[in-house]
$ cat start.cif   # mmCIF, C-alpha atoms and all ligand atoms
data_start
loop_
_atom_site.label_atom_id
_atom_site.label_comp_id
_atom_site.auth_asym_id
_atom_site.auth_seq_id
_atom_site.Cartn_x
_atom_site.Cartn_y
_atom_site.Cartn_z
CA MET A 62 -15.51 108.70 31.78
CA ALA A 63 -14.37 105.86 29.49
CA PHE A 64 -17.37 104.22 27.79
CA GLY A 65 -19.75 106.78 29.31
CA TRP A 66 -21.28 107.34 25.86
CA ILE A 67 -22.56 103.75 26.00
CA ASP A 68 -25.05 104.74 28.73
CA GLU A 69 -26.33 107.61 26.60
CA GLN A 70 -26.86 105.28 23.65
CA ALA A 71 -28.56 102.71 25.86
CA GLU A 72 -30.95 105.38 27.13
CA LEU A 73 -31.79 106.48 23.58
CA ARG A 74 -32.46 102.85 22.62
CA ARG A 75 -34.65 102.34 25.69
CA ARG A 76 -36.74 105.43 24.88
CA ALA A 77 -37.19 104.28 21.27
CA GLY A 78 -38.28 100.79 22.37
CA LEU A 79 -35.26 99.22 20.67
CA VAL A 80 -33.51 97.42 23.54
CA ARG A 81 -32.48 93.86 22.74
CA THR A 82 -31.96 91.23 25.42
CA LEU A 83 -30.52 87.75 25.39
CA ARG A 84 -32.84 85.01 26.54
CA PRO A 85 -30.95 81.69 26.84
CA ARG A 86 -33.38 78.89 26.07
CA ALA A 87 -33.64 75.56 27.83
CA ALA A 88 -32.91 72.32 25.99
CA GLU A 89 -36.55 71.29 26.26
CA SER A 90 -39.40 73.74 25.92
CA ALA A 91 -43.17 73.61 25.68
CA LEU A 92 -43.14 76.68 23.39
CA LEU A 93 -44.27 76.21 19.80
CA ASP A 94 -41.28 77.44 17.79
CA LEU A 95 -41.95 79.78 14.86
CA ALA A 96 -38.90 81.90 15.57
CA SER A 97 -35.90 79.74 14.69
CA ASN A 98 -34.47 79.28 11.21
CA ASP A 99 -34.70 75.51 11.48
CA TYR A 100 -36.89 75.44 8.36
CA LEU A 101 -36.84 71.69 7.86
CA GLY A 102 -36.84 70.75 11.54
CA LEU A 103 -33.44 69.07 11.14
CA ALA A 104 -31.42 70.68 13.95
CA ARG A 105 -32.40 67.91 16.38
CA HIS A 106 -32.92 65.13 13.88
CA PRO A 107 -31.11 62.01 15.18
CA GLU A 108 -29.13 61.58 11.95
CA VAL A 109 -27.94 65.21 12.13
CA THR A 110 -26.96 65.11 15.81
CA GLU A 111 -25.27 61.75 15.27
CA GLY A 112 -23.42 63.21 12.27
CA ALA A 113 -22.14 65.99 14.55
CA ALA A 114 -21.21 63.61 17.38
CA ARG A 115 -19.42 61.17 15.07
CA ALA A 116 -17.45 63.98 13.45
CA ALA A 117 -16.41 65.35 16.85
CA ARG A 118 -15.31 61.90 18.01
CA THR A 119 -13.32 61.34 14.82
CA TRP A 120 -11.85 64.78 14.23
CA GLY A 121 -12.02 66.53 17.62
CA GLY A 122 -13.88 69.41 19.17
CA GLY A 123 -12.34 71.99 16.86
CA SER A 124 -10.69 72.04 13.47
CA THR A 125 -7.37 73.04 15.15
CA GLY A 126 -6.34 75.79 12.75
CA SER A 127 -7.15 77.97 9.81
CA ARG A 128 -8.21 76.18 6.65
CA LEU A 129 -4.88 76.75 4.91
CA VAL A 130 -2.86 75.36 7.84
CA THR A 131 -4.45 72.45 9.78
CA GLY A 132 -8.16 73.34 9.68
CA SER A 133 -9.07 71.46 6.48
CA THR A 134 -10.05 67.84 7.10
CA GLU A 135 -11.23 65.20 4.67
CA LEU A 136 -14.68 65.87 6.15
CA HIS A 137 -14.56 69.50 4.99
CA ALA A 138 -13.60 68.33 1.50
CA GLU A 139 -16.43 65.80 1.49
CA LEU A 140 -18.97 68.44 2.56
CA GLU A 141 -17.73 70.88 -0.08
CA GLY A 142 -17.97 68.24 -2.82
CA GLU A 143 -21.50 67.21 -1.85
CA LEU A 144 -22.76 70.77 -1.39
CA ALA A 145 -21.46 71.84 -4.79
CA ASP A 146 -22.92 68.76 -6.43
CA PHE A 147 -26.33 69.15 -4.73
CA CYS A 148 -26.70 72.83 -5.64
CA GLY A 149 -25.29 72.33 -9.17
CA PHE A 150 -22.02 74.27 -8.91
CA GLU A 151 -18.48 73.35 -9.92
CA ALA A 152 -16.93 73.94 -6.50
CA ALA A 153 -17.64 75.03 -2.93
CA LEU A 154 -15.71 76.33 0.04
CA VAL A 155 -17.05 76.13 3.59
CA PHE A 156 -16.64 78.88 6.16
CA SER A 157 -17.20 79.11 9.90
CA SER A 158 -20.45 81.03 9.26
CA GLY A 159 -22.65 82.39 6.49
CA TYR A 160 -21.67 85.84 7.72
CA ALA A 161 -17.99 85.09 7.12
CA ALA A 162 -18.84 83.62 3.69
CA ASN A 163 -20.60 86.84 2.68
CA LEU A 164 -17.77 89.05 3.91
CA ALA A 165 -15.37 86.83 1.98
CA VAL A 166 -17.13 86.78 -1.33
CA VAL A 167 -17.91 90.47 -1.54
CA THR A 168 -14.45 91.62 -0.46
CA ALA A 169 -12.64 89.10 -2.67
CA LEU A 170 -14.72 89.91 -5.76
CA ALA A 171 -14.69 93.69 -5.45
CA PRO A 172 -11.11 94.95 -5.77
CA HIS A 173 -10.01 98.56 -5.89
CA GLY A 174 -11.68 100.37 -8.82
CA SER A 175 -14.60 97.95 -9.02
CA LEU A 176 -18.30 98.61 -8.51
CA ILE A 177 -20.65 96.71 -6.19
CA VAL A 178 -24.37 97.19 -6.80
CA SER A 179 -26.16 96.12 -3.64
CA ASP A 180 -29.93 95.66 -3.18
CA ALA A 181 -31.40 98.04 -0.57
CA GLY A 182 -32.91 95.08 1.31
CA ASN A 183 -29.75 92.98 1.59
CA HIS A 184 -28.72 91.17 4.76
CA ALA A 185 -26.34 92.91 7.16
CA SER A 186 -23.53 90.50 6.26
CA LEU A 187 -23.64 91.53 2.58
CA ILE A 188 -23.78 95.17 3.63
CA ASP A 189 -20.75 94.67 5.85
CA GLY A 190 -18.98 92.93 2.96
CA CYS A 191 -19.61 96.06 0.88
CA ARG A 192 -18.26 98.24 3.69
CA LEU A 193 -15.05 96.21 3.91
CA ALA A 194 -14.48 95.85 0.16
CA ARG A 195 -12.05 98.07 -1.73
CA GLY A 196 -14.57 98.68 -4.50
CA THR A 197 -17.25 101.38 -4.44
CA THR A 198 -20.80 100.46 -3.43
CA GLN A 199 -23.95 101.77 -5.02
CA VAL A 200 -27.21 100.80 -3.33
CA ALA A 201 -29.93 99.85 -5.84
CA ALA A 202 -33.69 100.02 -5.25
CA HIS A 203 -35.10 96.83 -3.77
CA ALA A 204 -35.66 93.92 -6.18
CA ASP A 205 -35.28 96.14 -9.23
CA PRO A 206 -33.19 94.77 -12.14
CA ASP A 207 -33.52 98.10 -14.00
CA ALA A 208 -31.91 99.92 -11.09
CA VAL A 209 -29.04 97.41 -11.21
CA ARG A 210 -28.77 97.81 -14.99
CA LYS A 211 -28.61 101.59 -14.65
CA ALA A 212 -25.93 101.48 -11.95
CA LEU A 213 -23.79 99.03 -13.95
CA GLY A 214 -24.18 101.11 -17.10
CA GLY A 215 -22.33 104.05 -15.61
CA HIS A 216 -19.20 102.08 -14.67
CA GLU A 217 -16.01 101.01 -16.45
CA GLY A 218 -14.11 98.06 -14.97
CA PRO A 219 -14.94 95.01 -12.84
CA ALA A 220 -18.43 94.97 -11.29
CA VAL A 221 -20.70 92.70 -9.28
CA ALA A 222 -24.33 92.91 -8.27
CA VAL A 223 -25.13 91.39 -4.86
CA SER A 224 -28.53 90.32 -3.61
CA ASP A 225 -30.25 88.01 -1.17
CA THR A 226 -32.34 85.44 -3.08
CA VAL A 227 -35.01 85.52 -0.38
CA PHE A 228 -34.97 88.62 1.78
CA SER A 229 -34.67 87.74 5.41
CA VAL A 230 -37.10 90.31 6.81
CA ASP A 231 -40.16 90.07 4.54
CA GLY A 232 -39.45 86.69 2.93
CA ASP A 233 -39.93 88.07 -0.60
CA ALA A 234 -37.83 86.67 -3.46
CA ALA A 235 -35.39 88.62 -5.63
CA PRO A 236 -36.02 88.70 -9.41
CA LEU A 237 -33.08 86.42 -10.19
CA THR A 238 -33.59 86.08 -13.95
CA GLY A 239 -33.84 89.86 -14.37
CA LEU A 240 -30.77 90.43 -12.21
CA ALA A 241 -28.75 87.89 -14.22
CA GLU A 242 -29.82 89.56 -17.49
CA ALA A 243 -28.86 93.01 -16.21
CA CYS A 244 -25.43 91.72 -15.12
CA ARG A 245 -24.80 89.89 -18.39
CA GLU A 246 -25.57 92.98 -20.45
CA HIS A 247 -22.69 94.68 -18.66
CA GLY A 248 -20.28 91.76 -18.18
CA ALA A 249 -20.75 91.94 -14.41
CA GLY A 250 -20.75 89.05 -11.93
CA LEU A 251 -23.80 88.18 -9.84
CA VAL A 252 -23.41 87.26 -6.16
CA LEU A 253 -26.50 85.71 -4.56
CA ASP A 254 -27.00 84.96 -0.89
CA ASP A 255 -29.25 81.90 -0.79
CA ALA A 256 -29.39 81.64 3.02
CA HIS A 257 -33.18 81.40 2.98
CA GLY A 258 -33.51 79.54 -0.32
CA LEU A 259 -31.32 76.48 0.21
CA GLY A 260 -33.43 73.57 1.45
CA VAL A 261 -36.68 75.34 0.67
CA LEU A 262 -36.68 76.46 -2.99
CA GLY A 263 -35.69 74.64 -6.16
CA ASP A 264 -35.88 70.96 -7.01
CA GLY A 265 -35.70 69.09 -3.67
CA GLY A 266 -34.35 72.23 -1.93
CA ARG A 267 -31.41 72.84 -4.29
CA GLY A 268 -31.97 76.55 -3.81
CA ALA A 269 -33.25 79.63 -5.60
CA PRO A 270 -30.36 79.93 -8.12
CA HIS A 271 -30.97 76.29 -9.18
CA ALA A 272 -34.69 77.03 -9.58
CA ALA A 273 -33.85 80.07 -11.74
CA GLY A 274 -31.52 78.07 -14.02
CA LEU A 275 -28.45 79.94 -12.74
CA ALA A 276 -26.69 77.03 -11.01
CA GLY A 277 -23.32 76.33 -12.56
CA ALA A 278 -23.21 79.56 -14.59
CA ASP A 279 -19.69 80.94 -14.93
CA ASP A 280 -20.78 84.44 -13.88
CA VAL A 281 -22.83 83.50 -10.79
CA VAL A 282 -21.51 82.95 -7.26
CA VAL A 283 -23.77 81.84 -4.43
CA THR A 284 -23.37 81.92 -0.67
CA VAL A 285 -25.37 79.72 1.66
CA THR A 286 -25.56 79.16 5.38
CA LEU A 287 -25.49 75.74 6.97
CA SER A 288 -27.34 77.15 9.98
CA LYS A 289 -30.89 77.40 8.67
CA SER A 290 -32.51 74.61 6.64
CA LEU A 291 -29.55 72.28 7.24
CA GLY A 292 -29.96 72.67 10.98
CA GLY A 293 -26.22 73.06 11.65
CA GLN A 294 -23.74 75.90 11.73
CA GLY A 295 -21.42 77.43 9.16
CA GLY A 296 -21.53 78.87 5.67
CA ALA A 297 -20.30 78.20 2.15
CA VAL A 298 -19.51 79.86 -1.16
CA LEU A 299 -20.46 77.97 -4.33
CA GLY A 300 -19.40 78.83 -7.85
CA PRO A 301 -16.99 78.27 -10.72
CA SER A 302 -13.66 76.67 -9.64
CA ARG A 303 -11.81 79.78 -10.78
CA VAL A 304 -13.78 81.95 -8.34
CA ILE A 305 -13.63 79.45 -5.48
CA GLY A 306 -9.85 79.10 -5.90
CA HIS A 307 -9.59 82.87 -5.71
CA GLN A 308 -11.40 82.83 -2.33
CA ASP A 309 -8.74 80.45 -0.95
CA ASN A 310 -6.15 83.09 -1.66
CA ALA A 311 -7.92 86.41 -1.33
CA ALA A 312 -10.74 86.11 1.22
CA ARG A 313 -9.52 87.27 4.61
CA THR A 314 -12.39 85.63 6.53
CA PHE A 315 -11.27 82.33 5.00
CA ILE A 316 -7.54 82.76 5.45
CA PHE A 317 -7.50 84.25 8.96
CA ASP A 318 -10.32 82.31 10.59
CA THR A 319 -10.23 78.85 12.21
CA GLY A 320 -11.87 76.29 9.96
CA LEU A 321 -15.46 75.18 10.52
CA ALA A 322 -15.71 72.84 13.57
CA PRO A 323 -15.86 69.16 12.54
CA ALA A 324 -19.14 68.66 14.40
CA ALA A 325 -20.71 71.45 12.31
CA ALA A 326 -19.38 69.93 9.08
CA GLY A 327 -20.66 66.49 10.14
CA ALA A 328 -24.11 67.86 10.99
CA ALA A 329 -24.41 69.69 7.66
CA LEU A 330 -23.29 66.64 5.70
CA ALA A 331 -25.85 64.44 7.47
CA ALA A 332 -28.61 67.02 6.85
CA LEU A 333 -27.68 67.32 3.19
CA ARG A 334 -27.83 63.55 2.72
CA LEU A 335 -31.18 63.45 4.49
CA LEU A 336 -32.54 66.17 2.24
CA ARG A 337 -31.42 64.26 -0.85
CA ARG A 338 -33.22 61.19 0.45
CA GLU A 339 -36.35 63.07 1.55
CA PRO A 340 -36.82 65.92 -0.94
CA ALA A 341 -40.47 66.44 0.04
CA ARG A 342 -39.27 68.26 3.18
CA ALA A 343 -38.35 71.27 1.04
CA ALA A 344 -41.75 71.63 -0.62
CA ARG A 345 -43.51 71.16 2.71
CA ALA A 346 -41.80 74.24 4.24
CA GLY A 347 -43.21 76.36 1.39
CA GLU A 348 -46.66 74.83 1.82
CA VAL A 349 -46.68 75.63 5.55
CA ALA A 350 -45.66 79.22 4.79
CA ARG A 351 -48.48 79.67 2.28
CA GLU A 352 -50.99 78.15 4.68
CA LEU A 353 -49.84 80.44 7.50
CA HIS A 354 -50.16 83.44 5.20
CA THR A 355 -53.65 82.49 4.01
CA ARG A 356 -54.92 81.97 7.54
CA LEU A 357 -53.30 85.11 8.95
CA THR A 358 -54.73 87.21 6.13
CA ALA A 359 -58.16 85.63 6.64
CA ALA A 360 -57.89 86.64 10.31
CA GLY A 361 -57.43 90.25 9.16
CA LEU A 362 -53.69 90.49 9.80
CA GLU A 363 -51.33 92.22 7.39
CA ALA A 364 -48.88 89.54 6.24
CA VAL A 365 -46.52 89.58 3.24
CA ARG A 366 -47.15 86.79 0.70
CA PRO A 367 -44.23 84.40 1.29
CA ASP A 368 -41.97 83.27 -1.56
CA ALA A 369 -40.14 80.76 0.65
CA ALA A 370 -40.50 79.87 4.35
CA VAL A 371 -40.43 83.30 6.04
CA VAL A 372 -43.77 84.91 6.86
CA SER A 373 -43.70 88.52 7.94
CA VAL A 374 -46.59 90.16 9.82
CA ARG A 375 -46.75 93.95 10.14
CA ALA A 376 -46.79 95.52 13.62
CA PRO A 377 -47.87 99.12 14.29
CA SER A 378 -44.69 100.20 16.16
CA PRO A 379 -41.46 98.78 17.64
CA GLU A 380 -42.94 98.86 21.16
CA GLN A 381 -46.11 97.09 20.05
CA ALA A 382 -44.10 94.54 18.09
CA VAL A 383 -42.09 93.71 21.22
CA ARG A 384 -45.23 93.48 23.36
CA TRP A 385 -46.99 91.37 20.70
CA ALA A 386 -44.10 88.90 20.57
CA ALA A 387 -44.01 88.78 24.40
CA ASP A 388 -47.77 88.14 24.55
CA CYS A 389 -47.39 85.34 21.97
CA ARG A 390 -44.65 83.86 24.13
CA ALA A 391 -46.81 84.05 27.26
CA ALA A 392 -49.46 82.15 25.27
CA GLY A 393 -46.95 79.42 24.34
CA LEU A 394 -45.78 80.61 20.91
CA SER A 395 -42.26 81.75 20.10
CA VAL A 396 -42.08 84.25 17.18
CA GLY A 397 -39.35 86.53 15.88
CA CYS A 398 -39.62 90.28 16.28
CA PHE A 399 -37.89 92.59 13.79
CA ARG A 400 -37.58 96.30 14.36
CA PRO A 401 -35.16 99.08 13.47
CA PRO A 402 -32.21 99.05 12.93
CA SER A 403 -32.54 95.46 11.60
CA VAL A 404 -35.23 96.74 9.23
CA PRO A 405 -34.00 99.65 7.10
CA ASP A 406 -37.55 100.72 6.14
CA GLY A 407 -38.41 101.35 9.81
CA VAL A 408 -41.43 98.99 9.75
CA SER A 409 -41.58 96.61 12.71
CA ARG A 410 -42.79 93.07 12.18
CA LEU A 411 -43.34 89.69 13.69
CA ARG A 412 -41.32 87.18 11.73
CA LEU A 413 -42.58 83.63 11.54
CA THR A 414 -40.69 80.61 10.33
CA ALA A 415 -42.74 78.04 8.48
CA ARG A 416 -41.10 74.81 9.58
CA ALA A 417 -41.69 71.76 7.40
CA ASP A 418 -42.47 69.69 10.49
CA LEU A 419 -45.34 71.87 11.76
CA SER A 420 -48.64 69.99 11.92
CA GLY A 421 -51.98 71.40 10.78
CA ALA A 422 -53.04 71.75 14.42
CA GLU A 423 -49.85 73.68 15.24
CA ILE A 424 -50.41 76.05 12.32
CA GLU A 425 -53.96 76.65 13.53
CA ARG A 426 -52.78 77.27 17.09
CA ALA A 427 -50.10 79.71 15.92
CA VAL A 428 -52.58 81.76 13.89
CA GLN A 429 -55.07 81.76 16.77
CA VAL A 430 -52.46 83.04 19.27
CA ILE A 431 -51.18 85.72 16.90
CA GLY A 432 -54.74 86.88 16.21
CA GLU A 433 -55.76 86.91 19.87
CA THR A 434 -52.69 88.86 21.00
CA ARG A 435 -52.66 91.43 18.19
CA PRO A 436 -52.12 95.01 19.39
C1 LIG B 501 -29.70 86.39 4.33
C2 LIG B 501 -28.69 85.95 5.34
N1 LIG B 501 -27.41 85.86 4.97
C3 LIG B 501 -26.47 85.47 5.83
C4 LIG B 501 -26.76 85.15 7.13
C5 LIG B 501 -25.65 84.77 8.05
O1 LIG B 501 -25.54 83.38 8.17
P1 LIG B 501 -24.90 82.75 9.48
O2 LIG B 501 -25.94 82.85 10.54
O3 LIG B 501 -24.57 81.36 9.10
O4 LIG B 501 -23.70 83.55 9.84
C6 LIG B 501 -28.10 85.21 7.55
C7 LIG B 501 -28.57 84.86 8.89
O5 LIG B 501 -28.11 84.69 9.87
C8 LIG B 501 -29.08 85.62 6.63
O6 LIG B 501 -30.36 85.74 7.00
#
$ encode --input "start.cif" --output "structure tokens"
Amino acid sequence: MAFGWIDEQAELRRRAGLVRTLRPRAAESALLDLASNDYLGLARHPEVTEGAARAARTWGGGSTGSRLVTGSTELHAELEGELADFCGFEAALVFSSGYAANLAVVTALAPHGSLIVSDAGNHASLIDGCRLARGTTQVAAHADPDAVRKALGGHEGPAVAVSDTVFSVDGDAAPLTGLAEACREHGAGLVLDDAHGLGVLGDGGRGAPHAAGLAGADDVVVTVTLSKSLGGQGGAVLGPSRVIGHQDNAARTFIFDTGLAPAAAGAALAALRLLRREPARAARAGEVARELHTRLTAAGLEAVRPDAAVVSVRAPSPEQAVRWAADCRAAGLSVGCFRPPSVPDGVSRLRLTARADLSGAEIERAVQVIGETRP
């Protein structure tokens, strides 16, 4: 029977406790949200929603075409200019998602005969970029510049190392200075996915590469998403003009995809301007994360020390992680739940987002619920 194998796979997933289900949320909810990626609490900020609405009224509901045909508006150009300037890069190009930006950058920078050295903990979108690229991929041990150095040392020809700046599962930071040194020793490029660093790390939220002194370097390319700290939707690639111009011409997820919707560009632009005006929001997200970690650890829970705004709490098994998250939800707290195959090391976790707009009382309540519902 056509598609019969799907039922077998579904049964295997069910037995392993790995079934995922969609749960559409209501516009208003009494749940305390520690599950979204709205790190700075900007997704529903009036300036951000008004930025989206104004852009839709001015430019329409969609961008009407691919970026190289009719999908580039003056608004896209404005957003690209301001993003590049804020993060300290020569140029930027926006995409319909961070996922598309990662596919673009890895495929466009890894031609036939090249080497990609990819951190073992990288996000799925970087992994998929490696799978689509013409170059050969070597997976390097997690957060290990020496492993990158060794891999690059055995290769002749173009090479790039690719890494998240803040790993999305455990919230730990990559050793950016060490990675840049390893790449420079071998004349390789460095591609960094700052999805979880932008808006949280660096001066006023300028991101992890800016904090590491790598912004504007001619051998560093950064991807970001507009869908986390900026509270919108979309992605971008930032880097030297030469590299960004190459994306225009070589990145298939740029060329063959409809341009970012004007409302998304308008929302991101408004959020970026707000962040410039209120830089303390960025530092606050980090503070909340550290406070969550301290309190969770004091309550006897096993949490990873956060380097940005993601706090990861170990769960004994996938089934118990799912039940734990459900019990939190029943007690009024929404948390993320990560389990295989999203986590390559097979360890299931609750994933908490330290939003900058959480109050002390909300942090206390979150820790209390997580502690009381622990398996
Ligand atoms: C590290 C990382 N990179 C890229 C993405 C993809 O970004 P987007 O959701 O904008 O497609 C995500 C999350 O969704 C992420 O966590």
$ closest_residue --input "start.cif" --among "A:Trp120, A:Phe228, A:Tyr160, A:Phe317" --to "A:Val365" --atoms "all atoms listed in the file"
A:Phe228
$ axis_aligned_box --input "start.cif" --around "ligand LIG 501 (chain B)" --padding-each-side "8 Å" --output "AutoDock Vina command-line options"
--center_x -27.0 --center_y 83.9 --center_z 7.4 --size_x 22.7 --size_y 21.0 --size_z 22.2
$ closest_residue --input "start.cif" --among "A:Ala350, A:Val155, A:Ala161, A:Ala249" --to "A:Ser133" --atoms "all atoms listed in the file"
A:Val155
$ closest_residue --input "start.cif" --among "A:Ser302, A:Gln294, A:Thr168, A:Thr226" --to "A:Gly327" --atoms "only C-alpha atoms"
A:Gln294
$ atom_distance --input "start.cif" --atom1 "atom CA of A:Glu151" --atom2 "atom CA of A:Asp309"
15.0 Å
$ closest_residue --input "start.cif" --among "A:Gly397, A:Gly292, A:Gly78, A:Gly121" --to "A:Leu101" --atoms "all atoms listed in the file"
A:Gly292
$ closest_atom_pairs --input "start.cif" --of "chain A" --to "ligand LIG 501 (chain B)" --cutoff "8 Å" --atoms "only C-alpha atoms and all ligand atoms" --output "JSON lines"
{"residue": "A:Ser157", "atom": "CA", "partner": "B:LIG501", "partner_atom": "O3", "distance": 7.7}
{"residue": "A:Ser158", "atom": "CA", "partner": "B:LIG501", "partner_atom": "O3", "distance": 4.1}
{"residue": "A:Gly159", "atom": "CA", "partner": "B:LIG501", "partner_atom": "O3", "distance": 3.4}
{"residue": "A:Tyr160", "atom": "CA", "partner": "B:LIG501", "partner_atom": "O4", "distance": 3.7}
{"residue": "A:Ala161", "atom": "CA", "partner": "B:LIG501", "partner_atom": "O4", "distance": 6.5}
{"residue": "A:Ala162", "atom": "CA", "partner": "B:LIG501", "partner_atom": "O4", "distance": 7.8}
{"residue": "A:Asn163", "atom": "CA", "partner": "B:LIG501", "partner_atom": "C3", "distance": 6.8}
{"residue": "A:Asn183", "atom": "CA", "partner": "B:LIG501", "partner_atom": "C1", "distance": 7.1}
{"residue": "A:His184", "atom": "CA", "partner": "B:LIG501", "partner_atom": "C1", "distance": 4.9}
{"residue": "A:Ala185", "atom": "CA", "partner": "B:LIG501", "partner_atom": "N1", "distance": 7.5}
{"residue": "A:Ser186", "atom": "CA", "partner": "B:LIG501", "partner_atom": "C3", "distance": 5.8}
{"residue": "A:Leu187", "atom": "CA", "partner": "B:LIG501", "partner_atom": "N1", "distance": 7.2}
{"residue": "A:Asp225", "atom": "CA", "partner": "B:LIG501", "partner_atom": "C1", "distance": 5.8}
{"residue": "A:Thr226", "atom": "CA", "partner": "B:LIG501", "partner_atom": "C1", "distance": 7.9}
{"residue": "A:Val227", "atom": "CA", "partner": "B:LIG501", "partner_atom": "C1", "distance": 7.2}
{"residue": "A:Phe228", "atom": "CA", "partner": "B:LIG501", "partner_atom": "C1", "distance": 6.3}
{"residue": "A:Ser229", "atom": "CA", "partner": "B:LIG501", "partner_atom": "O6", "distance": 5.0}
{"residue": "A:Asp254", "atom": "CA", "partner": "B:LIG501", "partner_atom": "N1", "distance": 5.9}
{"residue": "A:Asp255", "atom": "CA", "partner": "B:LIG501", "partner_atom": "C1", "distance": 6.8}
{"residue": "A:Ala256", "atom": "CA", "partner": "B:LIG501", "partner_atom": "C1", "distance": 4.9}
{"residue": "A:His257", "atom": "CA", "partner": "B:LIG501", "partner_atom": "C1", "distance": 6.2}
{"residue": "A:Thr284", "atom": "CA", "partner": "B:LIG501", "partner_atom": "N1", "distance": 8.0}
{"residue": "A:Val285", "atom": "CA", "partner": "B:LIG501", "partner_atom": "C3", "distance": 7.2}
{"residue": "A:Thr286", "atom": "CA", "partner": "B:LIG501", "partner_atom": "O3", "distance": 4.4}
{"residue": "A:Leu287", "atom": "CA", "partner": "B:LIG501", "partner_atom": "O3", "distance": 6.1}
{"residue": "A:Ser288", "atom": "CA", "partner": "B:LIG501", "partner_atom": "O3", "distance": 5.1}
{"residue": "A:Lys289", "atom": "CA", "partner": "B:LIG501", "partner_atom": "O3", "distance": 7.5}
{"residue": "A:Gln294", "atom": "CA", "partner": "B:LIG501", "partner_atom": "O3", "distance": 6.1}
{"residue": "A:Gly295", "atom": "CA", "partner": "B:LIG501", "partner_atom": "O3", "distance": 5.0}
{"residue": "A:Gly296", "atom": "CA", "partner": "B:LIG501", "partner_atom": "O3", "distance": 5.2}
$ atom_distance --input "start.cif" --atom1 "atom CA of A:Ile177" --atom2 "atom CA of A:His307"
17.7 Å
$ residues_near_point --input "start.cif" --point "(-15.8, 78.2, -7.0)" --cutoff "10 Å" --atoms "all atoms listed in the file" --output "PyMOL selection string"
chain A and resi 145+150-154+277+279+281-283+298-309
$ write_last_selection --input "start.cif" --atoms "C-alpha atoms" --output "short mmCIF file (atom, residue, chain, number, x, y, z; two decimals), in the frame of the given file"
data_model
loop_
_atom_site.label_atom_id
_atom_site.label_comp_id
_atom_site.auth_asym_id
_atom_site.auth_seq_id
_atom_site.Cartn_x
_atom_site.Cartn_y
_atom_site.Cartn_z
CA ALA A 145 -21.46 71.84 -4.79
CA PHE A 150 -22.02 74.27 -8.91
CA GLU A 151 -18.48 73.35 -9.92
CA ALA A 152 -16.93 73.94 -6.50
CA ALA A 153 -17.64 75.03 -2.93
CA LEU A 154 -15.71 76.33 0.04
CA GLY A 277 -23.32 76.33 -12.56
CA ASP A 279 -19.69 80.94 -14.93
CA VAL A 281 -22.83 83.50 -10.79
CA VAL A 282 -21.51 82.95 -7.26
CA VAL A 283 -23.77 81.84 -4.43
CA VAL A 298 -19.51 79.86 -1.16
CA LEU A 299 -20.46 77.97 -4.33
CA GLY A 300 -19.40 78.83 -7.85
CA PRO A 301 -16.99 78.27 -10.72
CA SER A 302 -13.66 76.67 -9.64
CA ARG A 303 -11.81 79.78 -10.78
CA VAL A 304 -13.78 81.95 -8.34
CA ILE A 305 -13.63 79.45 -5.48
CA GLY A 306 -9.85 79.10 -5.90
CA HIS A 307 -9.59 82.87 -5.71
CA GLN A 308 -11.40 82.83 -2.33
CA ASP A 309 -8.74 80.45 -0.95
#
$ residues_around --input "start.cif" --residues "A:His271" --least-positions-apart "2" --cutoff "12 Å" --atoms "all atoms listed in the file" --output "PyMOL selection string"
chain A and resi 145-150+226+237-238+253+255+258-269+273-278+281-283+299-300
$ atom_distance --input "start.cif" --atom1 "atom CA of A:Asp418" --atom2 "atom CA of A:Ser224"
28.6 Å
$ closest_residue --input "start.cif" --among "A:Ala324, A:Val428, A:Leu333, A:Gly126" --to "A:Ala113" --atoms "all atoms listed in the file"
A:Ala324
$ residues_near_point --input "start.cif" --point "(-49.8, 80.9, 17.9)" --cutoff "8 Å" --atoms "all atoms listed in the file" --output "NGL selection string"
:A and (93 or 389 or 392-395 or 423-432)
$ write_last_selection --input "start.cif" --atoms "C-alpha atoms" --output "mmCIF file, in the frame of the given file"
data_model
loop_
_atom_site.group_PDB
_atom_site.id
_atom_site.type_symbol
_atom_site.label_atom_id
_atom_site.label_comp_id
_atom_site.auth_asym_id
_atom_site.auth_seq_id
_atom_site.Cartn_x
_atom_site.Cartn_y
_atom_site.Cartn_z
ATOM 1 C CA LEU A 93 -44.270 76.210 19.800
ATOM 2 C CA CYS A 389 -47.390 85.340 21.970
ATOM 3 C CA ALA A 392 -49.460 82.150 25.270
ATOM 4 C CA GLY A 393 -46.950 79.420 24.340
ATOM 5 C CA LEU A 394 -45.780 80.610 20.910
ATOM 6 C CA SER A 395 -42.260 81.750 20.100
ATOM 7 C CA GLU A 423 -49.850 73.680 15.240
ATOM 8 C CA ILE A 424 -50.410 76.050 12.320
ATOM 9 C CA GLU A 425 -53.960 76.650 13.530
ATOM 10 C CA ARG A 426 -52.780 77.270 17.090
ATOM 11 C CA ALA A 427 -50.100 79.710 15.920
ATOM 12 C CA VAL A 428 -52.580 81.760 13.890
ATOM 13 C CA GLN A 429 -55.070 81.760 16.770
ATOM 14 C CA VAL A 430 -52.460 83.040 19.270
ATOM 15 C CA ILE A 431 -51.180 85.720 16.900
ATOM 16 C CA GLY A 432 -54.740 86.880 16.210
#
$ residues_around --input "start.cif" --residues "A:Leu321" --least-positions-apart "2" --cutoff "7 Å" --atoms "only C-alpha atoms" --output "VMD selection string"
chain A and resid 124 156 to 157 295 319 323 325 to 326
$ closest_residue --input "start.cif" --among "A:Ala220, A:Val166, A:Ala343, A:Val349" --to "A:Asn310" --atoms "all atoms listed in the file"
A:Val166
